[in-house]
Amino acid sequence: MYSSHKGGALVKIEVTINGEHQSHEVEPRMLLVHFLREVVGLTGTHVGCETSLCGACSVMLNGEAVKACTVLAVQAHGADITTIEGLAQNGELHPIQEGFWECHGLQCGFCTPGMIIAAHQLLERHPKPSEADIRRGIEGNLCRCTGYQHIVDAVQYAAAKMTA
Amino acid sequence: MIPFDYHAPKTLQKAMRLVREHGDDASVLAGGHSLIPLMKLRFAAPAVVIDLGGIGGLKKVTAGHETITIGALATHYAVESHRLLPGKCRLLPETASEIGDVQVRNRGTVGGSIAHADPAADWPAAMLALNAQFDIAGPSGERAVAASDFFVGLFTTALQAGEVLTRIRIATPPENSGGAYVKMRQSASGFALAGVAAQVALDSAGNCASVAVGVTGVASVAYRAHAVEDALRGRGLDAIAEAAAHAADGVEEFQEDHHASADYRAHLARVFAQRALTRAFERAT
């Protein structure tokens, strides 16, 4: 739908996504989340509310969790991006992913990629978070299934494993 | 989003040239957490977007003995996490920590929020309470505007066409002072239904030597609660409740919507003025 609209000179951007260098020409108005899903083909990052509220589109941009629906793809030029697809290494789940698996941290799974990115940011900044820290760390992410308790458990599982 | 042309200048000089060249057709983009939502809704449809994000010099936060400076492009998180600010001016990191959520604070900028002047934004209250000065670059050079002269009305500031906010300067509060920001969050957006920032300095007897109170979310524009300040100056902790009762005095145009009536917002202003002042006093002693 985006390429069929004319207007706004295309801009060449270079980004590193999950360790892989990529170069694309994009319309300036293209949101980072649409770039990741529709141009790069990484559909693990979800489009939820598209109004910076739900957090389903969260990705790491230069080491900081951001809502990719409120970042233009062109603003990411030169950036290092990590999406949910970049967390598992060598076929092994990241400890946060493992926590969600073990603690039943998801039901429908729609919010999960964003939740995991938010948890990733939290554990980088606070390797041993309190329960209150965890709830504050994921306050930018909405889940309509779990009631959050199992997500908090999953993050605690990951924190314990990552600091063991 | 309506299509637009995009420029990402690497220096402020180049940015200013683009701003001058494109005039009213252009919008300046900082973190994008005010402008991009407006563009999605087509409340804003600039033909040209000038992204300041690549200008490194605008991101710096310094906390000196005399002056605290915040580059307009510094993120809320940069202020929230600054090593020296909690000891120098607690009000700043406390305000930053109350904004939005982690992702929003990582990306949204102090200068962007101030220039946008949302009536429910948090920074205007803190900037008013700290008597901040805003450095502005424009076609005819630089000028500085005090926070109290900057916020003019609903989404309206003293910024003129072709001008860009570049830096915020705050006099580092003296030893015997304390500040606090407290707010009632709109539970979905996190914006302030009412938010009150208070900064006080105490004399040797523990009475209020100077005080400034900024209120956001309540009126169409953030304001200084002068009536509260006048009632508190020279007096002690026990005068706070009486003084805070004046927190909505003189408001001409209240914010009012389905989240909160004008009366409720005025009530919140008074309650949160009391809480902010109490906490500021405690921190000053």
# chains A, B, ... in the order shown; residues from 1 in each chain; ligands from 1
call {"tool": "interface_residues", "arguments": {"of": "chain A", "to": "chain B", "cutoff": "9 Å", "atoms": "only C-alpha atoms", "output": "VMD selection string"}}
result
chain A and resid 5 to 11 27 to 30 50 to 53 55 58 64 to 67 70 to 72 74 to 75 118 121 to 122 136 to 141
call {"tool": "write_last_selection", "arguments": {"atoms": "N, CA, C and O atoms", "output": "short mmCIF file (atom, residue, chain, number, x, y, z; two decimals), in the first residue's frame"}}
result
data_model
loop_
_atom_site.label_atom_id
_atom_site.label_comp_id
_atom_site.auth_asym_id
_atom_site.auth_seq_id
_atom_site.Cartn_x
_atom_site.Cartn_y
_atom_site.Cartn_z
N HIS A 5 1.57 4.90 -3.33
CA HIS A 5 1.34 6.33 -3.14
C HIS A 5 2.58 7.11 -3.56
O HIS A 5 3.69 6.77 -3.19
N LYS A 6 2.34 8.17 -4.29
CA LYS A 6 3.47 9.00 -4.74
C LYS A 6 3.64 10.18 -3.79
O LYS A 6 2.70 10.66 -3.16
N GLY A 7 4.84 10.66 -3.75
CA GLY A 7 5.09 11.87 -2.97
C GLY A 7 6.14 11.64 -1.93
O GLY A 7 6.17 10.59 -1.29
N GLY A 8 6.99 12.62 -1.75
CA GLY A 8 8.08 12.46 -0.80
C GLY A 8 9.20 11.70 -1.45
O GLY A 8 9.09 10.50 -1.71
N ALA A 9 10.28 12.41 -1.81
CA ALA A 9 11.40 11.77 -2.49
C ALA A 9 11.92 10.60 -1.67
O ALA A 9 12.05 10.70 -0.45
N LEU A 10 12.18 9.47 -2.33
CA LEU A 10 12.70 8.30 -1.64
C LEU A 10 14.05 8.61 -1.00
O LEU A 10 14.84 9.39 -1.54
N VAL A 11 14.28 8.00 0.13
CA VAL A 11 15.52 8.23 0.87
C VAL A 11 16.21 6.89 1.07
O VAL A 11 15.56 5.90 1.44
N GLU A 27 10.14 5.53 1.40
CA GLU A 27 9.43 6.80 1.49
C GLU A 27 9.65 7.38 2.88
O GLU A 27 9.61 6.63 3.87
N PRO A 28 9.84 8.69 2.98
CA PRO A 28 10.08 9.27 4.31
C PRO A 28 8.96 8.98 5.31
O PRO A 28 9.21 8.89 6.51
N ARG A 29 7.74 8.84 4.82
CA ARG A 29 6.62 8.67 5.76
C ARG A 29 6.49 7.22 6.25
O ARG A 29 5.62 6.93 7.07
N MET A 30 7.29 6.32 5.73
CA MET A 30 7.16 4.93 6.16
C MET A 30 7.61 4.77 7.62
O MET A 30 8.72 5.18 7.99
N GLU A 50 -0.76 1.24 16.88
CA GLU A 50 -0.16 2.24 16.00
C GLU A 50 -0.29 3.66 16.57
O GLU A 50 -0.26 4.63 15.84
N THR A 51 -0.45 3.77 17.88
CA THR A 51 -0.54 5.11 18.49
C THR A 51 0.40 5.22 19.69
O THR A 51 0.14 5.97 20.62
N SER A 52 1.47 4.49 19.71
CA SER A 52 2.51 4.49 20.76
C SER A 52 2.00 4.08 22.13
O SER A 52 2.63 4.39 23.13
N LEU A 53 0.88 3.41 22.19
CA LEU A 53 0.35 3.02 23.50
C LEU A 53 0.60 1.56 23.85
O LEU A 53 0.94 1.24 24.98
N GLY A 55 2.73 -0.98 22.64
CA GLY A 55 4.07 -1.55 22.77
C GLY A 55 4.32 -2.81 21.96
O GLY A 55 5.43 -3.34 22.00
N SER A 58 7.50 -2.86 19.73
CA SER A 58 8.79 -2.48 20.32
C SER A 58 9.96 -3.24 19.70
O SER A 58 9.89 -4.45 19.49
N GLU A 64 18.29 0.84 22.68
CA GLU A 64 17.18 1.34 23.47
C GLU A 64 15.86 0.87 22.89
O GLU A 64 15.63 0.94 21.68
N ALA A 65 14.98 0.37 23.78
CA ALA A 65 13.67 -0.08 23.32
C ALA A 65 12.87 1.13 22.85
O ALA A 65 12.80 2.14 23.54
N VAL A 66 12.31 1.02 21.67
CA VAL A 66 11.46 2.09 21.13
C VAL A 66 10.20 1.48 20.54
O VAL A 66 10.15 0.27 20.24
N LYS A 67 9.19 2.31 20.38
CA LYS A 67 7.97 1.87 19.71
C LYS A 67 8.12 2.18 18.23
O LYS A 67 8.14 3.34 17.84
N THR A 70 6.26 4.72 16.10
CA THR A 70 6.41 6.15 16.32
C THR A 70 7.83 6.58 15.98
O THR A 70 8.36 7.53 16.52
N VAL A 71 8.44 5.82 15.09
CA VAL A 71 9.75 6.16 14.55
C VAL A 71 9.62 6.01 13.03
O VAL A 71 9.08 5.03 12.54
N LEU A 72 10.10 7.00 12.30
CA LEU A 72 10.13 6.88 10.85
C LEU A 72 11.31 5.99 10.48
O LEU A 72 12.37 6.05 11.11
N VAL A 74 13.27 6.37 8.11
CA VAL A 74 14.41 7.22 7.76
C VAL A 74 15.17 7.70 9.00
O VAL A 74 16.37 7.98 8.94
N GLN A 75 14.48 7.77 10.14
CA GLN A 75 15.17 8.18 11.38
C GLN A 75 16.12 7.09 11.86
O GLN A 75 16.98 7.36 12.71
N ALA A 118 10.72 -5.18 25.76
CA ALA A 118 10.67 -4.31 26.95
C ALA A 118 11.40 -4.96 28.12
O ALA A 118 12.14 -4.31 28.86
N GLN A 121 15.15 -4.66 27.62
CA GLN A 121 15.64 -3.35 28.04
C GLN A 121 15.74 -3.27 29.56
O GLN A 121 16.73 -2.81 30.11
N LEU A 122 14.71 -3.74 30.23
CA LEU A 122 14.68 -3.68 31.69
C LEU A 122 15.86 -4.43 32.30
O LEU A 122 16.56 -3.93 33.18
N ARG A 136 6.90 -1.74 36.29
CA ARG A 136 7.17 -0.41 35.72
C ARG A 136 7.88 -0.55 34.36
O ARG A 136 7.61 0.21 33.44
N GLY A 137 8.75 -1.54 34.27
CA GLY A 137 9.51 -1.74 33.03
C GLY A 137 8.65 -2.13 31.85
O GLY A 137 9.00 -1.87 30.70
N ILE A 138 7.51 -2.79 32.12
CA ILE A 138 6.64 -3.21 31.02
C ILE A 138 5.36 -2.38 30.96
O ILE A 138 4.39 -2.76 30.31
N GLU A 139 5.39 -1.19 31.61
CA GLU A 139 4.15 -0.42 31.64
C GLU A 139 3.78 0.14 30.27
O GLU A 139 2.64 0.54 30.05
N GLY A 140 4.74 0.17 29.36
CA GLY A 140 4.43 0.64 28.01
C GLY A 140 3.94 -0.46 27.09
O GLY A 140 3.86 -0.26 25.88
N ASN A 141 3.62 -1.61 27.65
CA ASN A 141 3.18 -2.75 26.84
C ASN A 141 1.88 -3.30 27.39
O ASN A 141 1.80 -3.63 28.58
#
call {"tool": "residues_around", "arguments": {"residues": "Pro139 of chain B", "least_positions_apart": "2", "cutoff": "10 Å", "atoms": "only C-alpha atoms", "output": "number ranges by chain"}}
result
B: 16-17, 19-20, 137, 141-142, 160-164
call {"tool": "select_by_dssp", "arguments": {"residues": "segment 31-134 of chain B", "states": "strand (DSSP E or B)", "output": "VMD selection string"}}
result
chain B and resid 48 to 51 61 to 63 67 to 71 75 109 133 to 134
call {"tool": "residues_around", "arguments": {"residues": "segment 26-28 of chain B", "least_positions_apart": "2", "cutoff": "6 Å", "atoms": "only C-alpha atoms", "output": "JSON, numbers by chain"}}
result
{"B": [22, 23, 24, 46, 48, 49, 50]}
call {"tool": "write_last_selection", "arguments": {"atoms": "all heavy atoms", "output": "mmCIF file, in the first residue's frame"}}
result
data_model
loop_
_atom_site.group_PDB
_atom_site.id
_atom_site.type_symbol
_atom_site.label_atom_id
_atom_site.label_comp_id
_atom_site.auth_asym_id
_atom_site.auth_seq_id
_atom_site.Cartn_x
_atom_site.Cartn_y
_atom_site.Cartn_z
ATOM 1 N N HIS B 22 12.415 26.738 3.856
ATOM 2 C CA HIS B 22 11.091 26.129 3.670
ATOM 3 C C HIS B 22 9.983 26.797 4.470
ATOM 4 O O HIS B 22 8.804 26.516 4.256
ATOM 5 C CB HIS B 22 11.149 24.636 4.002
ATOM 6 C CG HIS B 22 12.009 23.850 3.051
ATOM 7 N ND1 HIS B 22 11.608 23.564 1.769
ATOM 8 C CD2 HIS B 22 13.242 23.334 3.182
ATOM 9 C CE1 HIS B 22 12.566 22.892 1.160
ATOM 10 N NE2 HIS B 22 13.582 22.737 1.984
ATOM 11 N N GLY B 23 10.363 27.644 5.392
ATOM 12 C CA GLY B 23 9.370 28.435 6.126
ATOM 13 C C GLY B 23 8.242 27.612 6.713
ATOM 14 O O GLY B 23 8.469 26.570 7.332
ATOM 15 N N ASP B 24 7.023 28.056 6.499
ATOM 16 C CA ASP B 24 5.849 27.415 7.111
ATOM 17 C C ASP B 24 5.567 26.019 6.547
ATOM 18 O O ASP B 24 4.765 25.276 7.116
ATOM 19 C CB ASP B 24 4.609 28.288 6.894
ATOM 20 C CG ASP B 24 4.649 29.528 7.771
ATOM 21 O OD1 ASP B 24 5.446 29.545 8.720
ATOM 22 O OD2 ASP B 24 3.875 30.464 7.494
ATOM 23 N N PRO B 46 3.083 18.576 7.249
ATOM 24 C CA PRO B 46 4.137 19.408 6.660
ATOM 25 C C PRO B 46 4.601 18.841 5.322
ATOM 26 O O PRO B 46 4.622 17.618 5.140
ATOM 27 C CB PRO B 46 5.269 19.326 7.700
ATOM 28 C CG PRO B 46 5.035 18.034 8.413
ATOM 29 C CD PRO B 46 3.544 17.840 8.436
ATOM 30 N N VAL B 48 7.582 19.377 4.278
ATOM 31 C CA VAL B 48 8.998 19.086 4.506
ATOM 32 C C VAL B 48 9.212 18.808 5.998
ATOM 33 O O VAL B 48 8.686 19.538 6.846
ATOM 34 C CB VAL B 48 9.883 20.288 4.084
ATOM 35 C CG1 VAL B 48 11.351 20.020 4.396
ATOM 36 C CG2 VAL B 48 9.693 20.599 2.609
ATOM 37 N N VAL B 49 9.951 17.740 6.292
ATOM 38 C CA VAL B 49 10.323 17.458 7.677
ATOM 39 C C VAL B 49 11.832 17.593 7.800
ATOM 40 O O VAL B 49 12.575 17.000 7.017
ATOM 41 C CB VAL B 49 9.853 16.051 8.104
ATOM 42 C CG1 VAL B 49 10.491 15.652 9.429
ATOM 43 C CG2 VAL B 49 8.336 16.010 8.223
ATOM 44 N N ILE B 50 12.257 18.394 8.767
ATOM 45 C CA ILE B 50 13.688 18.602 9.001
ATOM 46 C C ILE B 50 14.037 17.906 10.318
ATOM 47 O O ILE B 50 13.627 18.348 11.385
ATOM 48 C CB ILE B 50 14.009 20.108 9.047
ATOM 49 C CG1 ILE B 50 13.587 20.756 7.718
ATOM 50 C CG2 ILE B 50 15.493 20.335 9.328
ATOM 51 C CD1 ILE B 50 13.514 22.259 7.779
#
call {"tool": "residues_around", "arguments": {"residues": "Ser81 of chain B", "least_positions_apart": "2", "cutoff": "12 Å", "atoms": "only C-alpha atoms", "output": "count of residues only"}}
result
22
call {"tool": "atom_distance", "arguments": {"atom1": "atom CA of Leu237 of chain B", "atom2": "atom CA of Thr278 of chain B"}}
result
7.0 Å
call {"tool": "closest_residue", "arguments": {"among": "B:Val251, B:Ala45, B:Ala209, B:Ala121", "to": "Arg233 of chain B", "atoms": "only C-alpha atoms"}}
result
B:Ala209
call {"tool": "atom_distance", "arguments": {"atom1": "atom CA of Leu87 of chain A", "atom2": "atom CA of Asp153 of chain A"}}
result
19.3 Å
call {"tool": "atom_distance", "arguments": {"atom1": "atom CA of Gly114 of chain A", "atom2": "atom CA of Glu80 of chain B"}}
result
22.3 Å
call {"tool": "residues_around", "arguments": {"residues": "His116 of chain B", "least_positions_apart": "2", "cutoff": "7 Å", "atoms": "only C-alpha atoms", "output": "list in words"}}
result
Ser34, Gly112, Ser113, Ile114, Asp118 and Phe155 of chain B
call {"tool": "closest_residue", "arguments": {"among": "A:Ala119, A:Cys54, A:Ile17, A:Cys145", "to": "Thr83 of chain A", "atoms": "only C-alpha atoms"}}
result
A:Ile17
call {"tool": "select_by_dssp", "arguments": {"residues": "segment 24-110 of chain B", "states": "helix (DSSP H, G or I)", "output": "ChimeraX atom specification"}}
result
/B:24-25,35-40,56-58,76-80,85-88,91-97,102-107,110
call {"tool": "residues_around", "arguments": {"residues": "Gln149 of chain A", "least_positions_apart": "5", "cutoff": "12 Å", "atoms": "only C-alpha atoms", "output": "PDB file with C-alpha atoms, in the first residue's frame"}}
result
ATOM      1  CA  PHE A 100       7.831 -16.820  28.679  1.00  0.00           C
ATOM      2  CA  CYS A 103       6.105 -19.521  33.006  1.00  0.00           C
ATOM      3  CA  HIS A 104       3.206 -19.394  30.540  1.00  0.00           C
ATOM      4  CA  GLY A 105       3.909 -15.720  29.874  1.00  0.00           C
ATOM      5  CA  LEU A 106       1.667 -15.634  26.834  1.00  0.00           C
ATOM      6  CA  GLU A 131       8.547  -7.082  41.015  1.00  0.00           C
ATOM      7  CA  ALA A 132       7.691  -3.363  41.065  1.00  0.00           C
ATOM      8  CA  ILE A 134       9.327  -5.285  36.317  1.00  0.00           C
ATOM      9  CA  ARG A 135       5.798  -3.900  36.331  1.00  0.00           C
ATOM     10  CA  ILE A 138       6.636  -3.210  31.018  1.00  0.00           C
ATOM     11  CA  CYS A 143      -1.507  -7.532  27.282  1.00  0.00           C
ATOM     12  CA  ARG A 144      -5.190  -8.349  27.094  1.00  0.00           C
ATOM     13  CA  ALA A 154       8.659 -14.935  33.121  1.00  0.00           C
ATOM     14  CA  VAL A 155      10.840 -11.863  33.530  1.00  0.00           C
ATOM     15  CA  GLN A 156      11.799 -12.976  37.047  1.00  0.00           C
TER      16      GLN A 156
END
call {"tool": "residues_around", "arguments": {"residues": "Thr172 of chain B", "least_positions_apart": "5", "cutoff": "12 Å", "atoms": "only C-alpha atoms", "output": "list in words"}}
result
Thr62, Ala63, Gly64, His65, Glu66, Thr67, Ile68, Thr69, Leu84, Leu85, Pro86, Gly87, Lys88, Cys89, Arg90, Leu91, Leu92, Leu130, Asn131, Ala132, Ser177, Gly178, Gly179, Gln199 and Ala201 of chain B
call {"tool": "decode", "arguments": {"residues": "segment 138-151 of chain B", "atoms": "all heavy atoms", "output": "PDB file, in the first residue's frame"}}
result
ATOM      1  N   GLY B 138      17.498  31.508  15.611  1.00  0.00           N
ATOM      2  CA  GLY B 138      16.563  32.030  14.611  1.00  0.00           C
ATOM      3  C   GLY B 138      17.287  32.704  13.478  1.00  0.00           C
ATOM      4  O   GLY B 138      18.516  32.781  13.472  1.00  0.00           O
ATOM      5  N   PRO B 139      16.523  33.211  12.525  1.00  0.00           N
ATOM      6  CA  PRO B 139      17.109  33.836  11.340  1.00  0.00           C
ATOM      7  C   PRO B 139      18.008  35.011  11.703  1.00  0.00           C
ATOM      8  O   PRO B 139      18.990  35.290  11.020  1.00  0.00           O
ATOM      9  CB  PRO B 139      15.900  34.321  10.545  1.00  0.00           C
ATOM     10  CG  PRO B 139      14.712  33.690  11.164  1.00  0.00           C
ATOM     11  CD  PRO B 139      15.069  33.239  12.533  1.00  0.00           C
ATOM     12  N   SER B 140      17.684  35.723  12.785  1.00  0.00           N
ATOM     13  CA  SER B 140      18.498  36.896  13.124  1.00  0.00           C
ATOM     14  C   SER B 140      19.367  36.641  14.350  1.00  0.00           C
ATOM     15  O   SER B 140      19.631  37.542  15.140  1.00  0.00           O
ATOM     16  CB  SER B 140      17.590  38.106  13.353  1.00  0.00           C
ATOM     17  OG  SER B 140      16.537  37.756  14.231  1.00  0.00           O
ATOM     18  N   GLY B 141      19.781  35.385  14.534  1.00  0.00           N
ATOM     19  CA  GLY B 141      20.678  35.060  15.642  1.00  0.00           C
ATOM     20  C   GLY B 141      19.966  34.352  16.781  1.00  0.00           C
ATOM     21  O   GLY B 141      18.888  33.808  16.590  1.00  0.00           O
ATOM     22  N   GLU B 142      20.600  34.388  17.946  1.00  0.00           N
ATOM     23  CA  GLU B 142      20.054  33.655  19.092  1.00  0.00           C
ATOM     24  C   GLU B 142      19.350  34.595  20.054  1.00  0.00           C
ATOM     25  O   GLU B 142      19.688  35.767  20.159  1.00  0.00           O
ATOM     26  CB  GLU B 142      21.197  32.958  19.834  1.00  0.00           C
ATOM     27  CG  GLU B 142      21.827  31.843  19.033  1.00  0.00           C
ATOM     28  CD  GLU B 142      22.580  30.860  19.918  1.00  0.00           C
ATOM     29  OE1 GLU B 142      22.482  30.978  21.156  1.00  0.00           O
ATOM     30  OE2 GLU B 142      23.243  29.985  19.354  1.00  0.00           O
ATOM     31  N   ARG B 143      18.372  34.030  20.739  1.00  0.00           N
ATOM     32  CA  ARG B 143      17.756  34.772  21.834  1.00  0.00           C
ATOM     33  C   ARG B 143      17.378  33.788  22.920  1.00  0.00           C
ATOM     34  O   ARG B 143      17.325  32.569  22.686  1.00  0.00           O
ATOM     35  CB  ARG B 143      16.542  35.567  21.363  1.00  0.00           C
ATOM     36  CG  ARG B 143      15.375  34.711  20.888  1.00  0.00           C
ATOM     37  CD  ARG B 143      14.226  35.593  20.391  1.00  0.00           C
ATOM     38  NE  ARG B 143      13.091  34.767  19.961  1.00  0.00           N
ATOM     39  CZ  ARG B 143      11.855  34.876  20.479  1.00  0.00           C
ATOM     40  NH1 ARG B 143      11.600  35.734  21.438  1.00  0.00           N
ATOM     41  NH2 ARG B 143      10.871  34.107  20.017  1.00  0.00           N
ATOM     42  N   ALA B 144      17.144  34.288  24.128  1.00  0.00           N
ATOM     43  CA  ALA B 144      16.723  33.439  25.233  1.00  0.00           C
ATOM     44  C   ALA B 144      15.362  33.917  25.724  1.00  0.00           C
ATOM     45  O   ALA B 144      15.104  35.120  25.785  1.00  0.00           O
ATOM     46  CB  ALA B 144      17.742  33.496  26.362  1.00  0.00           C
ATOM     47  N   VAL B 145      14.498  32.950  26.007  1.00  0.00           N
ATOM     48  CA  VAL B 145      13.159  33.279  26.499  1.00  0.00           C
ATOM     49  C   VAL B 145      12.937  32.510  27.798  1.00  0.00           C
ATOM     50  O   VAL B 145      13.244  31.321  27.882  1.00  0.00           O
ATOM     51  CB  VAL B 145      12.077  32.886  25.459  1.00  0.00           C
ATOM     52  CG1 VAL B 145      10.674  33.129  26.009  1.00  0.00           C
ATOM     53  CG2 VAL B 145      12.270  33.660  24.166  1.00  0.00           C
ATOM     54  N   ALA B 146      12.406  33.210  28.802  1.00  0.00           N
ATOM     55  CA  ALA B 146      12.107  32.547  30.071  1.00  0.00           C
ATOM     56  C   ALA B 146      10.888  31.647  29.904  1.00  0.00           C
ATOM     57  O   ALA B 146       9.971  31.955  29.121  1.00  0.00           O
ATOM     58  CB  ALA B 146      11.832  33.588  31.143  1.00  0.00           C
ATOM     59  N   ALA B 147      10.874  30.529  30.662  1.00  0.00           N
ATOM     60  CA  ALA B 147       9.746  29.598  30.573  1.00  0.00           C
ATOM     61  C   ALA B 147       8.427  30.329  30.778  1.00  0.00           C
ATOM     62  O   ALA B 147       7.431  30.045  30.106  1.00  0.00           O
ATOM     63  CB  ALA B 147       9.911  28.482  31.597  1.00  0.00           C
ATOM     64  N   SER B 148       8.422  31.311  31.696  1.00  0.00           N
ATOM     65  CA  SER B 148       7.163  32.001  32.007  1.00  0.00           C
ATOM     66  C   SER B 148       6.650  32.834  30.832  1.00  0.00           C
ATOM     67  O   SER B 148       5.478  33.175  30.776  1.00  0.00           O
ATOM     68  CB  SER B 148       7.343  32.892  33.240  1.00  0.00           C
ATOM     69  OG  SER B 148       8.461  33.735  33.056  1.00  0.00           O
ATOM     70  N   ASP B 149       7.537  33.159  29.882  1.00  0.00           N
ATOM     71  CA  ASP B 149       7.104  33.898  28.691  1.00  0.00           C
ATOM     72  C   ASP B 149       6.939  32.991  27.477  1.00  0.00           C
ATOM     73  O   ASP B 149       6.506  33.450  26.419  1.00  0.00           O
ATOM     74  CB  ASP B 149       8.146  34.977  28.329  1.00  0.00           C
ATOM     75  CG  ASP B 149       8.265  36.028  29.410  1.00  0.00           C
ATOM     76  OD1 ASP B 149       7.228  36.341  30.039  1.00  0.00           O
ATOM     77  OD2 ASP B 149       9.389  36.503  29.636  1.00  0.00           O
ATOM     78  N   PHE B 150       7.336  31.715  27.638  1.00  0.00           N
ATOM     79  CA  PHE B 150       7.424  30.833  26.470  1.00  0.00           C
ATOM     80  C   PHE B 150       6.091  30.144  26.149  1.00  0.00           C
ATOM     81  O   PHE B 150       5.696  30.035  24.996  1.00  0.00           O
ATOM     82  CB  PHE B 150       8.499  29.767  26.708  1.00  0.00           C
ATOM     83  CG  PHE B 150       8.749  28.877  25.532  1.00  0.00           C
ATOM     84  CD1 PHE B 150       9.577  29.297  24.498  1.00  0.00           C
ATOM     85  CD2 PHE B 150       8.164  27.621  25.439  1.00  0.00           C
ATOM     86  CE1 PHE B 150       9.818  28.477  23.396  1.00  0.00           C
ATOM     87  CE2 PHE B 150       8.399  26.795  24.342  1.00  0.00           C
ATOM     88  CZ  PHE B 150       9.234  27.225  23.324  1.00  0.00           C
ATOM     89  N   PHE B 151       5.426  29.671  27.217  1.00  0.00           N
ATOM     90  CA  PHE B 151       4.182  28.922  26.982  1.00  0.00           C
ATOM     91  C   PHE B 151       3.031  29.915  26.876  1.00  0.00           C
ATOM     92  O   PHE B 151       2.572  30.474  27.869  1.00  0.00           O
ATOM     93  CB  PHE B 151       3.957  27.908  28.104  1.00  0.00           C
ATOM     94  CG  PHE B 151       5.079  26.920  28.218  1.00  0.00           C
ATOM     95  CD1 PHE B 151       5.993  26.989  29.249  1.00  0.00           C
ATOM     96  CD2 PHE B 151       5.236  25.938  27.254  1.00  0.00           C
ATOM     97  CE1 PHE B 151       7.039  26.083  29.335  1.00  0.00           C
ATOM     98  CE2 PHE B 151       6.283  25.028  27.325  1.00  0.00           C
ATOM     99  CZ  PHE B 151       7.190  25.100  28.375  1.00  0.00           C
TER     100      PHE B 151
END
